[in-house]
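Trainee: Here it is, the structure in full.
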Amino acid sequence: MNYLSVSNLSKSFNEKKLFEDLTFGIQQGEKIALVGKNGCGKSTLFTILSGKIIADGGDVAVNKEIRIGLLEQTPVAPNNKTVLEWIFEGSDDIAKALQDYEDAMHDETGLKMEKAFAEMDRLQAWDYEQRCKSILSELGINDFNQKTESMSGGQKRRMALAKVLITEPDLLLLDEPTNHLDLSMIAWLENYLSKSDTTLLLITHDRYFLDAVCNTIIELHDGKLHKHSGNYGSYLENKAERFR
């Protein structure tokens, strides 16, 4: 199944042309790494694909049956929210039921608990809450009631990564997902993404992570795309052949 198609995409920034006439597609099940020099437009391309900004020209066609999740380099977490409040925010009925249950736990009258408990049962949401906490813990977030404004930049980014994984989108766009992760967290994320059926497009400078997770490489070079099937080593060999 085709998840996303890009046709003749162009974008400039401050009179600098980042890319022009990009055309490519993403198929269900592909795990693609987008590589290229810093400043070549990789992160800009991500924000266009996610619908957050508009290209100067060309088209992005997204399959209406899929959901896209985006991890940005500098995610913004709202203040006056706890970790779980932000994780559950803007999600589906299960997330709302979980948020209502968390609120009911702090209600001294106990009047909210019966209704919240019944809704959790109806939606079978108990496992979802445990999964949220498990993924957060794997990424080093263990105080689920911590306010987001008291968190470091690294904590906020790990929390944003947890949130996009928890929502289980059909297509994941991950911009430098290993930033602010220690070795055990990177190993966990490699295993998680390798075993997941989620279709993936990621930006990373971590060659070993790329080889562990991705089976296709797209290079953005001088405003053009070059697609390669295989690992990073064979990609470098093909690139050397191109420039001979």
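All residue names refer to the structure tokens as shown: chains lettered A, B, ... in order, residues numbered from 1 in each chain, ligands numbered from 1 in order.
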Any idea what's packed within 8 Å of Asp206 in chain A, counting only C-alpha atoms, ignoring anything in its chain fewer than 3 positions away? Could you give it as a list in words?

Mentor: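 The residues satisfying every condition are Thr178, Phe209 and Leu210 of chain A.
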
Trainee: What does the file look like for those residues with C-alpha atoms, as a PDB file, in the first residue's frame?

Mentor:
```pdb
ATOM      1  CA  THR A 178      18.735   9.093  19.430  1.00  0.00           C
ATOM      2  CA  PHE A 209      21.396   2.877  14.605  1.00  0.00           C
ATOM      3  CA  LEU A 210      20.593   3.427  10.924  1.00  0.00           C
TER       4      LEU A 210
END
```

Trainee: Range 161-233 of chain A near range 118-133 of chain A within 10 Å: what's each residue's closest atom pair and its distance in Å to one decimal, counting only C-alpha atoms, ordered by chain then ascending residue number, as CSV?

Mentor:
```
residue,atom,partner,partner_atom,distance
A:Ala162,CA,A:Cys132,CA,7.8
A:Lys163,CA,A:Cys132,CA,8.1
A:Leu165,CA,A:Cys132,CA,9.1
A:Ile166,CA,A:Cys132,CA,6.2
A:Thr167,CA,A:Cys132,CA,9.3
```

Trainee: Just N, CA, C and O atoms for this one: save the residues we selected as a compact mmCIF listing (two decimals), in the first residue's frame.

Mentor:
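Output file selection_36.txt is given in full below:
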```txt
# COMPACT_ATOMS: atom_id res chain seq x y z
N ALA A 162 8.52 9.40 23.43
CA ALA A 162 7.59 8.44 24.02
C ALA A 162 6.18 8.67 23.51
O ALA A 162 5.46 7.73 23.15
N LYS A 163 5.77 9.93 23.46
CA LYS A 163 4.40 10.25 23.04
C LYS A 163 4.13 9.80 21.61
O LYS A 163 3.08 9.21 21.32
N LEU A 165 5.63 7.44 19.96
CA LEU A 165 5.61 5.98 19.90
C LEU A 165 4.32 5.42 20.47
O LEU A 165 3.75 4.46 19.93
N ILE A 166 3.85 6.02 21.55
CA ILE A 166 2.64 5.54 22.22
C ILE A 166 1.41 5.66 21.32
O ILE A 166 0.53 4.80 21.33
N THR A 167 1.36 6.71 20.51
CA THR A 167 0.19 6.92 19.66
C THR A 167 0.12 5.92 18.50
O THR A 167 -0.91 5.83 17.83
```

Trainee: Which residues are near Cys214 in chain A? Cut-off 9 Å, only C-alpha atoms, ignore same chain within fewer than 6 positions. Put them as a PyMOL selection string.

Mentor: chain A and resi 30-33+194+200-202+230-231

Trainee: Those same residues, written as a CSV table (one decimal), in the first residue's frame with N, CA and C atoms?

Mentor:
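See part-v6.csv below for the written result:
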```csv
chain,number,residue,atom,x,y,z
A,30,GLU,N,8.1,0.1,4.7
A,30,GLU,CA,9.4,0.6,4.5
A,30,GLU,C,10.0,1.3,5.7
A,31,LYS,N,11.3,1.1,6.0
A,31,LYS,CA,12.0,1.8,7.0
A,31,LYS,C,13.2,2.5,6.4
A,32,ILE,N,13.0,3.8,6.2
A,32,ILE,CA,13.9,4.6,5.4
A,32,ILE,C,14.6,5.6,6.2
A,33,ALA,N,15.9,5.8,5.9
A,33,ALA,CA,16.7,6.8,6.5
A,33,ALA,C,17.0,7.9,5.5
A,194,SER,N,12.8,-2.0,15.1
A,194,SER,CA,13.1,-3.1,14.3
A,194,SER,C,11.9,-4.1,14.3
A,200,LEU,N,8.5,3.8,8.6
A,200,LEU,CA,9.4,4.7,9.2
A,200,LEU,C,10.2,5.5,8.2
A,201,LEU,N,10.3,6.8,8.5
A,201,LEU,CA,11.2,7.7,7.8
A,201,LEU,C,12.0,8.5,8.9
A,202,LEU,N,13.3,8.3,9.0
A,202,LEU,CA,14.0,9.0,10.0
A,202,LEU,C,15.3,9.7,9.5
A,230,GLY,N,19.4,-1.1,0.9
A,230,GLY,CA,20.5,-1.7,1.5
A,230,GLY,C,21.0,-0.9,2.7
A,231,ASN,N,22.2,-1.4,3.3
A,231,ASN,CA,22.7,-0.7,4.4
A,231,ASN,C,23.6,0.4,4.1
```

Trainee: Range 101-244 of chain A: which residues are alpha helix (DSSP H) by DSSP, as JSON, numbers by chain?

Mentor: {"A": [101, 102, 103, 104, 105, 113, 114, 115, 116, 117, 118, 119, 120, 121, 122, 123, 126, 127, 128, 129, 130, 131, 132, 133, 134, 135, 136, 137, 138, 153, 154, 155, 156, 157, 158, 159, 160, 161, 162, 163, 164, 165, 166, 183, 184, 185, 186, 187, 188, 189, 190, 191, 192, 193, 194, 195, 207, 208, 209, 210, 211, 212, 213, 232, 233, 234, 235, 236, 237, 238, 239, 240, 241, 242]}

Trainee: Given the selection you just returned, output its residues as a file containing C-alpha atoms, formatted as a PDB file, in the first residue's frame.

Mentor:
```pdb
ATOM      1  CA  TYR A 101      -9.143   8.434  35.756  1.00  0.00           C
ATOM      2  CA  GLU A 102      -5.966  10.308  36.735  1.00  0.00           C
ATOM      3  CA  ASP A 103      -8.101  13.326  37.702  1.00  0.00           C
ATOM      4  CA  ALA A 104     -10.469  11.122  39.713  1.00  0.00           C
ATOM      5  CA  MET A 105      -7.552   9.773  41.744  1.00  0.00           C
ATOM      6  CA  MET A 113     -13.987   7.553  40.538  1.00  0.00           C
ATOM      7  CA  GLU A 114     -16.974   5.255  39.845  1.00  0.00           C
ATOM      8  CA  LYS A 115     -17.699   6.855  36.480  1.00  0.00           C
ATOM      9  CA  ALA A 116     -14.010   6.965  35.514  1.00  0.00           C
ATOM     10  CA  PHE A 117     -13.511   3.325  36.528  1.00  0.00           C
ATOM     11  CA  ALA A 118     -16.519   2.205  34.468  1.00  0.00           C
ATOM     12  CA  GLU A 119     -15.276   4.072  31.389  1.00  0.00           C
ATOM     13  CA  MET A 120     -11.834   2.500  31.728  1.00  0.00           C
ATOM     14  CA  ASP A 121     -13.461  -0.921  31.820  1.00  0.00           C
ATOM     15  CA  ARG A 122     -15.702  -0.154  28.836  1.00  0.00           C
ATOM     16  CA  LEU A 123     -12.741   0.897  26.687  1.00  0.00           C
ATOM     17  CA  TRP A 126      -5.958  -0.427  31.614  1.00  0.00           C
ATOM     18  CA  ASP A 127      -3.263  -1.983  29.431  1.00  0.00           C
ATOM     19  CA  TYR A 128      -2.878   1.262  27.496  1.00  0.00           C
ATOM     20  CA  GLU A 129      -1.971   3.167  30.653  1.00  0.00           C
ATOM     21  CA  GLN A 130       0.605   0.547  31.580  1.00  0.00           C
ATOM     22  CA  ARG A 131       2.077   0.672  28.073  1.00  0.00           C
ATOM     23  CA  CYS A 132       2.423   4.467  28.308  1.00  0.00           C
ATOM     24  CA  LYS A 133       4.255   4.200  31.623  1.00  0.00           C
ATOM     25  CA  SER A 134       6.444   1.360  30.342  1.00  0.00           C
ATOM     26  CA  ILE A 135       7.634   3.312  27.269  1.00  0.00           C
ATOM     27  CA  LEU A 136       8.207   6.454  29.348  1.00  0.00           C
ATOM     28  CA  SER A 137      10.276   4.446  31.833  1.00  0.00           C
ATOM     29  CA  GLU A 138      12.349   2.861  29.060  1.00  0.00           C
ATOM     30  CA  GLY A 153      15.468  19.885  27.301  1.00  0.00           C
ATOM     31  CA  GLY A 154      16.649  16.291  27.091  1.00  0.00           C
ATOM     32  CA  GLN A 155      13.779  15.052  29.274  1.00  0.00           C
ATOM     33  CA  LYS A 156      11.243  16.923  27.152  1.00  0.00           C
ATOM     34  CA  ARG A 157      12.648  15.390  23.981  1.00  0.00           C
ATOM     35  CA  ARG A 158      12.531  11.877  25.421  1.00  0.00           C
ATOM     36  CA  MET A 159       8.977  12.542  26.564  1.00  0.00           C
ATOM     37  CA  ALA A 160       8.059  13.702  23.039  1.00  0.00           C
ATOM     38  CA  LEU A 161       9.613  10.550  21.591  1.00  0.00           C
ATOM     39  CA  ALA A 162       7.587   8.436  24.024  1.00  0.00           C
ATOM     40  CA  LYS A 163       4.400  10.248  23.040  1.00  0.00           C
ATOM     41  CA  VAL A 164       4.833   9.673  19.311  1.00  0.00           C
ATOM     42  CA  LEU A 165       5.615   5.981  19.897  1.00  0.00           C
ATOM     43  CA  ILE A 166       2.636   5.542  22.221  1.00  0.00           C
ATOM     44  CA  LEU A 183      23.281   3.556  25.185  1.00  0.00           C
ATOM     45  CA  SER A 184      20.646   1.402  26.889  1.00  0.00           C
ATOM     46  CA  MET A 185      17.844   3.648  25.599  1.00  0.00           C
ATOM     47  CA  ILE A 186      19.261   3.534  22.061  1.00  0.00           C
ATOM     48  CA  ALA A 187      19.435  -0.267  22.226  1.00  0.00           C
ATOM     49  CA  TRP A 188      15.819  -0.390  23.428  1.00  0.00           C
ATOM     50  CA  LEU A 189      14.676   1.962  20.629  1.00  0.00           C
ATOM     51  CA  GLU A 190      16.544  -0.069  17.991  1.00  0.00           C
ATOM     52  CA  ASN A 191      14.768  -3.207  19.138  1.00  0.00           C
ATOM     53  CA  TYR A 192      11.387  -1.473  19.352  1.00  0.00           C
ATOM     54  CA  LEU A 193      11.538   0.002  15.843  1.00  0.00           C
ATOM     55  CA  SER A 194      13.058  -3.104  14.259  1.00  0.00           C
ATOM     56  CA  LYS A 195      10.257  -5.327  15.545  1.00  0.00           C
ATOM     57  CA  ARG A 207      25.312   5.006  11.409  1.00  0.00           C
ATOM     58  CA  TYR A 208      24.963   1.966  13.678  1.00  0.00           C
ATOM     59  CA  PHE A 209      21.396   2.877  14.605  1.00  0.00           C
ATOM     60  CA  LEU A 210      20.593   3.427  10.924  1.00  0.00           C
ATOM     61  CA  ASP A 211      21.947   0.020   9.941  1.00  0.00           C
ATOM     62  CA  ALA A 212      20.059  -1.692  12.789  1.00  0.00           C
ATOM     63  CA  VAL A 213      16.697  -0.165  11.918  1.00  0.00           C
ATOM     64  CA  TYR A 232      24.929   2.307   4.947  1.00  0.00           C
ATOM     65  CA  GLY A 233      28.126   0.609   3.771  1.00  0.00           C
ATOM     66  CA  SER A 234      26.697  -0.352   0.391  1.00  0.00           C
ATOM     67  CA  TYR A 235      25.136   3.125   0.123  1.00  0.00           C
ATOM     68  CA  LEU A 236      28.597   4.693   0.501  1.00  0.00           C
ATOM     69  CA  GLU A 237      29.952   2.393  -2.226  1.00  0.00           C
ATOM     70  CA  ASN A 238      27.131   3.392  -4.584  1.00  0.00           C
ATOM     71  CA  LYS A 239      27.674   7.057  -3.762  1.00  0.00           C
ATOM     72  CA  ALA A 240      31.392   6.744  -4.590  1.00  0.00           C
ATOM     73  CA  GLU A 241      30.447   5.180  -7.936  1.00  0.00           C
ATOM     74  CA  ARG A 242      28.125   8.116  -8.709  1.00  0.00           C
TER      75      ARG A 242
END
```

Trainee: Which one of A:Gly110, A:Leu220, A:Phe144, A:Asn63 sits closest to Glu85 in chain A if you count only C-alpha atoms?

Mentor: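 The answer is A:Phe144, which sits nearest to Glu85 in chain A.
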
Trainee: Report as a list in words: the residues of range 89-177 of chain A with a DSSP assignment of strand (DSSP E), based on the backbone of this structure.

Mentor: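 Filtering range 89-177 of chain A to strand (DSSP E) leaves Leu171, Leu172, Leu173, Leu174 and Asp175 of chain A.
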
Trainee: Could the residues in this selection be saved with N, CA, C and O atoms as a PDB file, in the first residue's frame?

Mentor:
```pdb
ATOM      1  N   LEU A 171       2.674   5.929  10.009  1.00  0.00           N
ATOM      2  CA  LEU A 171       3.936   6.417   9.457  1.00  0.00           C
ATOM      3  C   LEU A 171       4.614   7.296  10.496  1.00  0.00           C
ATOM      4  O   LEU A 171       4.054   8.300  10.927  1.00  0.00           O
ATOM      5  N   LEU A 172       5.832   6.894  10.896  1.00  0.00           N
ATOM      6  CA  LEU A 172       6.612   7.645  11.874  1.00  0.00           C
ATOM      7  C   LEU A 172       7.671   8.485  11.167  1.00  0.00           C
ATOM      8  O   LEU A 172       8.446   7.968  10.356  1.00  0.00           O
ATOM      9  N   LEU A 173       7.709   9.783  11.482  1.00  0.00           N
ATOM     10  CA  LEU A 173       8.763  10.670  11.010  1.00  0.00           C
ATOM     11  C   LEU A 173       9.587  11.055  12.239  1.00  0.00           C
ATOM     12  O   LEU A 173       9.114  11.797  13.105  1.00  0.00           O
ATOM     13  N   LEU A 174      10.805  10.552  12.331  1.00  0.00           N
ATOM     14  CA  LEU A 174      11.650  10.761  13.505  1.00  0.00           C
ATOM     15  C   LEU A 174      12.895  11.557  13.122  1.00  0.00           C
ATOM     16  O   LEU A 174      13.720  11.087  12.336  1.00  0.00           O
ATOM     17  N   ASP A 175      13.018  12.761  13.674  1.00  0.00           N
ATOM     18  CA  ASP A 175      14.157  13.634  13.399  1.00  0.00           C
ATOM     19  C   ASP A 175      15.177  13.479  14.533  1.00  0.00           C
ATOM     20  O   ASP A 175      14.962  13.955  15.640  1.00  0.00           O
TER      21      ASP A 175
END
```

Trainee: With distances taken over only C-alpha atoms, which of A:Ser229, A:Asn2, A:Thr74, A:Ser152 is nearest to Gly25 in chain A?

Mentor: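 Closest candidate: A:Asn2.
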
Trainee: When you count only C-alpha atoms, which of these residues is closest to Lys11 in chain A: A:Gly41, A:Pro177, A:Pro169, A:Gly69?

Mentor: A:Gly41
